[in-house]
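Taking it in order: structure first as structure tokens, then the write-up.
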Amino acid sequence: MQIIDRNNFLVAKKCIDALFKYLGYKNEIIEFLSRKIEYANNLNGDNWNLNLDLNGRFLRFNLGQVYCIQITSLECLILCMRDSLPLELSKSGDIEFRGYNKKLIVQSSDISSVPDCLVKVPNSIGCVIKKRFDELLPALEKSNMQFIEYAIRNTNILPQMKCTHSVGAIDFISVFLERDLPNPNFVFSAQKNENIVLRNLKKISESELKELALSKTDLPCKGHTKITMFIRSSYVVELSKRLANGICQDCGQFAPFVSKITNEPYLEIHHICPLSEGGKDTIENVVALCPNCHRKRHYG
């Protein structure tokens with residue numbers, strides 16, 4: 001399979017949809033995964049990532065140096081703490097347990113015969129689910145959260161793991177659930193990310209850009225520091241600039257200079273109804289303005 005662009009929303013959507021084509025229970029699994037991402041991010045926003053395999057074969061949620069949840073087209077693997085699993089679950093036969101004897105995989109429905117799954121997390125056990133996710137996932141909730149707490153506090157993410165994070169997968173899950181999921185803190189500051197994304201968006205067609213702009217929720221993501229910062233959609237920004245074609249949408253004059261960053265006519269995107277007042281982050285609520293007209297909108 002061709003190597004994919006992890007940060008592309010449409011690519012991530014296609015890959016994740018393919019994983020669930022045979023596995024099923026898409027709503028239940030993605031909702032479970034999203035809660036664990038939010039929980040881990042609250043514990044340490046710098047020490048996790050969501051890895052969409054470069055060949056699209058799996059989606060893996062990592063904490064520090066270890067994996068926590070892995071989704072393939074055939075199964076869902078959830079790491080838990082052995083001692084906190086419900087006793088009836090370990091005897092039900094509905095889950096297979098996975099561990100490792102050095103590099104040898106040991107998998108059985110008898111939990112007592114399976115060694116720990118991860119050396120870095122003592123007492124860890126892999127729970128392999130292939131069916132009845134709606135019943136089994138809630139039973140793993142507490143034990144999986146205890147695994148998250150230990151792993152994120154006792155292992156530290158490696159630089160090469162940070163590079164495998166998929167912004168596209170986070171975008172897809174956010175759209176699918178109609179709520180914004182966080183990215184790890186290490187991925188970007190809001191402005192740095194917008195500049196990177198905008199450069200990448202120059203390569204795609206206007207029709208694909210329109211699809212991306214429509215696919216994003218019209219409510220902006222909020223980043224909380226000591227103030228509340230609204231993080232606008234880069235897709236809407238880029239599409240608005242393309243439609244303006246270098247012409248200020250207030251005065252009708254060509255942009256006064258060329259941007260050093262993009263080497264294109266410099267225009268600023270203004271929300272007609274401000275985001276802070278509940279305005280939507282959509283193409284209908286923005287205009288592309290020259291710097292002078294933009295200041296006039298705010299202060300004139």
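Labels for the structure tokens follow display order: chains A, B, ..., residues from 1 in each chain, ligands from 1.
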
Among the residues of region 119-190 of chain A, find those DSSP assigns to strand (DSSP E) from the backbone and print them as a PyMOL selection string. chain A and resi 124-129

Can you tell me, as an MDAnalysis selection string, what residues are no more than 9 Å from Lys142 (chain A) when counting only C-alpha atoms, ignoring any on the same chain fewer than 4 positions away? chainID A and resid 80 84:85 138 146:147

Written selection (N, CA and C atoms) as a compact mmCIF listing (two decimals), in the first residue's frame:
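Resulting contents of result36.txt:
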```
# COMPACT_ATOMS: atom_id res chain seq x y z
N CYS A 80 -4.58 -3.09 29.64
CA CYS A 80 -5.20 -2.91 30.95
C CYS A 80 -4.23 -3.33 32.05
N SER A 84 -6.93 -5.17 38.09
CA SER A 84 -8.17 -4.39 38.18
C SER A 84 -9.22 -4.81 37.16
N LEU A 85 -8.94 -5.87 36.40
CA LEU A 85 -9.96 -6.39 35.49
C LEU A 85 -11.07 -7.07 36.29
N PRO A 138 -17.17 -1.14 27.99
CA PRO A 138 -17.44 -0.52 29.30
C PRO A 138 -16.80 -1.30 30.46
N GLN A 146 -6.44 2.98 34.49
CA GLN A 146 -5.32 2.76 35.41
C GLN A 146 -4.03 2.51 34.63
N PHE A 147 -4.14 1.80 33.51
CA PHE A 147 -2.97 1.61 32.64
C PHE A 147 -2.47 2.95 32.13
```

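Proximity to region 12-17 of chain A at 9 Å, evaluated using only C-alpha atoms and with sequence-adjacent residues fewer than 3 positions away removed, yields Ile4, Asp5, Arg6, Asn7, Asn8, Phe9, Phe20, Lys21, Lys26, Leu52, Asn55, Gly56, Arg57, Phe58, Leu59, Ser166, Val167, Gly168, Ala169, Ile170, Asp171, Phe172 and Ile173 of chain A.
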
Would you write out those residues with N, CA and C atoms, as a CSV table (one decimal), in the first residue's frame?
```csv
chain,number,residue,atom,x,y,z
A,4,ILE,N,1.0,7.0,3.2
A,4,ILE,CA,0.0,8.0,3.3
A,4,ILE,C,0.5,9.3,4.0
A,5,ASP,N,-0.3,10.3,3.9
A,5,ASP,CA,0.0,11.6,4.6
A,5,ASP,C,-0.9,11.6,5.8
A,6,ARG,N,-0.3,11.4,7.0
A,6,ARG,CA,-1.0,11.2,8.2
A,6,ARG,C,-1.8,12.5,8.6
A,7,ASN,N,-1.4,13.6,8.1
A,7,ASN,CA,-2.0,14.9,8.6
A,7,ASN,C,-3.1,15.3,7.6
A,8,ASN,N,-3.4,14.6,6.6
A,8,ASN,CA,-4.5,14.9,5.7
A,8,ASN,C,-5.8,14.3,6.2
A,9,PHE,N,-6.8,15.1,6.4
A,9,PHE,CA,-8.1,14.7,6.9
A,9,PHE,C,-8.7,13.6,6.0
A,20,PHE,N,-12.6,-0.1,9.9
A,20,PHE,CA,-13.9,-0.4,10.5
A,20,PHE,C,-14.9,-1.2,9.5
A,21,LYS,N,-14.5,-1.3,8.3
A,21,LYS,CA,-15.3,-2.0,7.3
A,21,LYS,C,-15.7,-3.4,7.7
A,26,LYS,N,-18.0,0.9,15.0
A,26,LYS,CA,-17.3,2.1,14.8
A,26,LYS,C,-17.6,3.2,15.9
A,52,LEU,N,-1.4,6.9,13.1
A,52,LEU,CA,-2.0,6.3,12.0
A,52,LEU,C,-0.9,5.7,11.1
A,55,ASN,N,1.0,2.9,6.2
A,55,ASN,CA,0.4,2.1,5.2
A,55,ASN,C,-1.1,1.9,5.5
A,56,GLY,N,-1.6,2.6,6.6
A,56,GLY,CA,-3.0,2.5,6.9
A,56,GLY,C,-3.5,1.2,7.5
A,57,ARG,N,-2.6,0.4,8.1
A,57,ARG,CA,-2.9,-0.9,8.6
A,57,ARG,C,-3.5,-0.9,10.0
A,58,PHE,N,-3.1,0.2,10.7
A,58,PHE,CA,-3.6,0.3,12.1
A,58,PHE,C,-3.7,1.7,12.6
A,59,LEU,N,-4.5,1.9,13.6
A,59,LEU,CA,-4.5,3.2,14.4
A,59,LEU,C,-4.1,2.8,15.8
A,166,SER,N,-0.7,11.7,14.2
A,166,SER,CA,-1.6,12.0,13.0
A,166,SER,C,-2.6,13.1,13.4
A,167,VAL,N,-2.3,14.3,12.9
A,167,VAL,CA,-3.3,15.4,13.1
A,167,VAL,C,-4.6,15.1,12.3
A,168,GLY,N,-4.4,14.4,11.1
A,168,GLY,CA,-5.5,14.0,10.3
A,168,GLY,C,-6.5,13.1,11.0
A,169,ALA,N,-6.0,12.1,11.8
A,169,ALA,CA,-6.8,11.2,12.5
A,169,ALA,C,-7.6,11.9,13.6
A,170,ILE,N,-6.9,12.9,14.3
A,170,ILE,CA,-7.6,13.7,15.3
A,170,ILE,C,-8.7,14.5,14.7
A,171,ASP,N,-8.4,15.1,13.6
A,171,ASP,CA,-9.4,15.9,12.8
A,171,ASP,C,-10.6,15.0,12.5
A,172,PHE,N,-10.4,13.8,12.0
A,172,PHE,CA,-11.5,12.9,11.6
A,172,PHE,C,-12.3,12.5,12.7
A,173,ILE,N,-11.7,12.2,13.9
A,173,ILE,CA,-12.5,11.7,15.0
A,173,ILE,C,-13.3,12.9,15.6
```

From the list A:Ser233, A:Asn263, A:Gln253, A:Ser113, which residue is nearest Val286 (chain A) when using only C-alpha atoms?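 Using only C-alpha atoms, the shortest distance to Val286 (chain A) belongs to A:Ser233.
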
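Between CA of Ala255 (chain A) and CA of Cys290 (chain A) the separation is 5.7 Å.
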
Might you pull out every residue within 7 Å of Pro291 (chain A), with only C-alpha atoms counted and same-chain residues fewer than 4 positions away left off, and present them as a ChimeraX atom specification? /A:267-268,295

Can you list, as a list in words, every protein, DNA or RNA residue that comes within 10 Å of Leu140 (chain A) when you count only C-alpha atoms, leaving out same-chain residues fewer than 6 positions away?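 Once the nearby chain positions are removed, what remains is Phe32, Ile78, Leu79, Cys80, Met81, Ser84, Leu85, Pro86, Leu89 and Cys127 of chain A.
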
Please produce an output containing N, CA and C atoms for each residue in the selection, written as a compact mmCIF listing (two decimals), in the first residue's frame.
```
# COMPACT_ATOMS: atom_id res chain seq x y z
N PHE A 32 -14.91 5.31 22.76
CA PHE A 32 -14.02 4.80 23.81
C PHE A 32 -12.63 5.41 23.65
N ILE A 78 -6.67 -3.61 23.67
CA ILE A 78 -6.72 -2.60 24.71
C ILE A 78 -5.86 -3.05 25.88
N LEU A 79 -4.90 -2.21 26.26
CA LEU A 79 -4.00 -2.54 27.37
C LEU A 79 -4.66 -2.17 28.70
N CYS A 80 -4.58 -3.09 29.64
CA CYS A 80 -5.20 -2.91 30.95
C CYS A 80 -4.23 -3.33 32.05
N MET A 81 -4.62 -3.08 33.29
CA MET A 81 -3.88 -3.57 34.45
C MET A 81 -4.57 -4.84 34.92
N SER A 84 -6.93 -5.17 38.09
CA SER A 84 -8.17 -4.39 38.18
C SER A 84 -9.22 -4.81 37.16
N LEU A 85 -8.94 -5.87 36.40
CA LEU A 85 -9.96 -6.39 35.49
C LEU A 85 -11.07 -7.07 36.29
N PRO A 86 -12.32 -6.87 35.91
CA PRO A 86 -13.41 -7.58 36.59
C PRO A 86 -13.19 -9.09 36.51
N LEU A 89 -14.96 -11.05 33.87
CA LEU A 89 -14.48 -10.81 32.51
C LEU A 89 -13.36 -11.77 32.16
N CYS A 127 -5.85 -6.95 26.12
CA CYS A 127 -7.19 -7.53 25.97
C CYS A 127 -7.60 -7.43 24.50
```

Could you name the residues that touch region 65-74 of chain A at 10 Å or less, counting only C-alpha atoms, but leaving out those on the same chain fewer than 2 positions away, as a PyMOL selection string? chain A and resi 16-24+29-30+32-33+36+47-52+56-63+76-80+118-121+126-131+144-145+147-148+151-152+154-158+161

In terms of the shortest atom-to-atom distance over only C-alpha atoms, which of A:Glu238, A:Asp83, A:Asp250, A:Glu31 is closest to Ile204 (chain A)? A:Glu238

Could you state the separation of CA of Tyr100 (chain A) and CA of Thr164 (chain A) in Å, given to one decimal place? 24.3 Å
